[in-house]
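Student: Questions regarding the structure given below will be posed in turn.
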Amino acid sequence: MLRYSRGKIAAILLLAFAGFYFAAPSLMSPETRAAIRANAPGFVPAWLIPNQAIVLGLDLQGGSHVLLEVDSSAVIKTQINTLRDDMRRILREEKISLAGGLAVLPRGVTVRIADDAERKRVMPKLREISSPGPAIGILSGGSQPLFEMTEQPDGLIAIVLTEQGVTDKIRKAIDQAIEVLRRRIDALGTTEPNIQRQGVDRILVQVPGLQDPKRLKDILGTTAQLEFRMVADSGAGAGDTEMLPQVDEGAGQLSIEKRVIVQGEDLIDAQPGFDSRSSEPIVNFKFNIRGAQRFGQTTSESVGRSLAIVLDRKVISAPRIQSPITGGQGQISGRFTVEAANNLAILLRAGALPAPLTIVEERTVGPGLGQDSINAGKIASYVAAVLVVGFMFATYGLFGFFANIALAIHVVLIFAMMSLIGTTLTLPGIAGIVLTIGTAVDSNVLIYERIREEARQGRSLVAALDAGFTRAFATIIDSNVTMFIAAAILFFLGSGPVRGFAVTMVFGIITTVVTAVTMTRMMIALWYTRSRPQHMPF
């Protein structure tokens, strides 16, 4: 137990050095880190140069906080419109003529088919579209359909969205919206945004370091439903066109065909750029194969006509088609500013939201408040460290000094792990670190008290030391495993600040076992080998 090979000692010292090495950037300013990276020798690999610092959360460095609400009525309306279109397609394929047509209800669609033979022929297909897949009720232990289909004796058929169906569609819309928002915010270049569901139909977005709430609102609140349509000509029927406003102020409205040629979902890339002739900001886009074929066919057949580019039911621009565009690439111009072109490219790359989002709450957390939190956390950490260090040294003397060295390395390893993984440090995370300062020495207390007990029973010094580490190890593992389970539950079931607290607790538990057992044992072993003491140092 008290014999350590040179290789094991070197490995432990190398681990401690690596901890200081990777934790160091968190103590430097961004300018200092950039200067070190720029002046590093050429033969040193870039990955060996520590550059990643701990990311501070919203409560520490400030930023933007926005609470969004999904338009549930729009989600339901979209689903009902899809159901109506599917029913119309089936009736057209079966060549069933209707006197009254389809009637749209708030949560469903009805159709009256008086002829029994026609109704029996079409019912199986209507049942197929009314049951696209059951929604599994986890708590109820069974399954509930998304749609409910009824048939009246007079031939009236109704397909209605159930309450379970409404909940399921809103849940899926929230999940899709979170992914779209995450892609949009990541494109802004921010670090560690917090995007999570809150309640049934709300999404919480926190972006540390972003002090421009207007830009964040513009990015989050835009649905980004892009459509390419033809500008209506004089021969278009009234039922096939609609009037849409133009983005340019004072430009009025424009008559646009309802038929959509290509949608934004067919885009595979969108990048801001500048027009080679006018030097105005534009957005260059590229279609997938399907979109390129449709776009090329339409532009080939419509040379001389105007093509409307519609974003969220507003006409951005309506250029005239001079020649067929068959390469699957094009550009959007509309008197953009550089920032507007960049924002539009971000929106198009991220995709459209499944439903409009309404900003329910917004606030900006200033860096001053974050600095106050950092200062308070520092004071708490310093006070906790001084009290723990003083107690260990006063109670266990030289062994307490060894425990304090291991405690310092323990804290350094926590910051090193957070820097390497890119974990966000929040105020609850600081609380977790402060807590681990106390729990880290708990393992040393268990070991030292066990050594005392063994010594009181008459064992020799070396036997007491060996028994203290060996017999206390099982207790240390048990206590840390239970804490690890609790921290893991907090991480997986919690959100936001709770997860930040859990992360630092997990890191603290891992480093506690390494420092309190391995490093402390090594220092005691080296002390005993060199000094050959006859009595306990406490």
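By order of appearance in the structure tokens: chains A, B, ..., then residues from 1 within every chain, and ligands from 1 in the order shown.
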Within 10 Å of Pro533 of chain A, counting only C-alpha atoms, which residues qualify if same-chain residues fewer than 5 places away don't, as a PDB file with C-alpha atoms, in the first residue's frame?

Tutor:
ATOM      1  CA  LEU A 461       1.727   2.874  12.132  1.00  0.00           C
ATOM      2  CA  VAL A 462       2.152   1.190   8.773  1.00  0.00           C
ATOM      3  CA  TRP A 527       6.038  10.948   3.429  1.00  0.00           C
ATOM      4  CA  TYR A 528       6.332   7.590   5.182  1.00  0.00           C
TER       5      TYR A 528
END

Student: Neighbouring residues of Phe285 of chain A were defined as those with any atom within 9 Å, considering only C-alpha atoms; residues of the same chain fewer than 5 positions away were excluded. Please report them as a list in words.

Tutor: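 My reading of the contact set: Leu267, Ile268, Asp269, Ala270, Gln271, Pro272, Gly328, Gln329, Gly330, Gln331, Ile332, Ala345 and Leu348 of chain A.
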
Student: The selected residues should be written to file as a compact mmCIF listing (two decimals), in the first residue's frame (atoms: N, CA and C atoms).

Tutor:
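Once written, out22.txt looks like this:
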# COMPACT_ATOMS: atom_id res chain seq x y z
N LEU A 267 -35.15 23.77 -50.23
CA LEU A 267 -33.85 24.43 -50.20
C LEU A 267 -32.84 23.56 -49.45
N ILE A 268 -31.64 23.47 -49.96
CA ILE A 268 -30.59 22.75 -49.26
C ILE A 268 -29.50 23.70 -48.77
N ASP A 269 -29.52 24.94 -49.22
CA ASP A 269 -28.53 25.91 -48.74
C ASP A 269 -29.00 27.32 -49.07
N ALA A 270 -28.60 28.25 -48.21
CA ALA A 270 -28.87 29.67 -48.43
C ALA A 270 -27.75 30.46 -47.78
N GLN A 271 -27.10 31.32 -48.55
CA GLN A 271 -25.96 32.08 -48.05
C GLN A 271 -26.10 33.55 -48.46
N PRO A 272 -25.74 34.47 -47.55
CA PRO A 272 -25.77 35.90 -47.93
C PRO A 272 -24.64 36.22 -48.90
N GLY A 328 -30.85 24.90 -60.66
CA GLY A 328 -31.22 24.66 -59.27
C GLY A 328 -30.68 25.70 -58.32
N GLN A 329 -30.17 26.82 -58.85
CA GLN A 329 -29.63 27.88 -58.01
C GLN A 329 -30.24 29.20 -58.43
N GLY A 330 -30.28 30.13 -57.50
CA GLY A 330 -30.82 31.45 -57.79
C GLY A 330 -30.47 32.41 -56.68
N GLN A 331 -31.05 33.60 -56.74
CA GLN A 331 -30.79 34.59 -55.71
C GLN A 331 -32.06 35.36 -55.39
N ILE A 332 -32.12 35.80 -54.14
CA ILE A 332 -33.25 36.59 -53.66
C ILE A 332 -32.74 37.99 -53.39
N ALA A 345 -30.87 34.42 -44.61
CA ALA A 345 -30.14 33.20 -44.95
C ALA A 345 -30.17 32.21 -43.78
N LEU A 348 -33.69 30.62 -43.63
CA LEU A 348 -33.94 29.65 -44.71
C LEU A 348 -33.15 28.37 -44.50

Student: Considering only C-alpha atoms, tabulate each residue of segment 178-257 of chain A that lies at most 10 Å from segment 59-62 of chain A along with its nearest interatomic pair and the corresponding distance in Å to one decimal; arrange the rows by chain and ascending residue number and present them as JSON lines.

Tutor:
{"residue": "A:Gln206", "atom": "CA", "partner": "A:Gly62", "partner_atom": "CA", "distance": 9.8}
{"residue": "A:Val207", "atom": "CA", "partner": "A:Gly62", "partner_atom": "CA", "distance": 8.6}
{"residue": "A:Pro208", "atom": "CA", "partner": "A:Gly62", "partner_atom": "CA", "distance": 5.8}
{"residue": "A:Gly209", "atom": "CA", "partner": "A:Gly62", "partner_atom": "CA", "distance": 5.7}
{"residue": "A:Leu210", "atom": "CA", "partner": "A:Gly62", "partner_atom": "CA", "distance": 7.6}
{"residue": "A:Gln211", "atom": "CA", "partner": "A:Gly62", "partner_atom": "CA", "distance": 7.5}

Student: Show which residues sit within 12 Å of Ile374 of chain A, as a VMD selection string. Count only C-alpha atoms, and ignore same-chain residues fewer than 2 positions away.

Tutor: chain A and resid 56 to 62 367 to 372 376 to 381 425 to 431
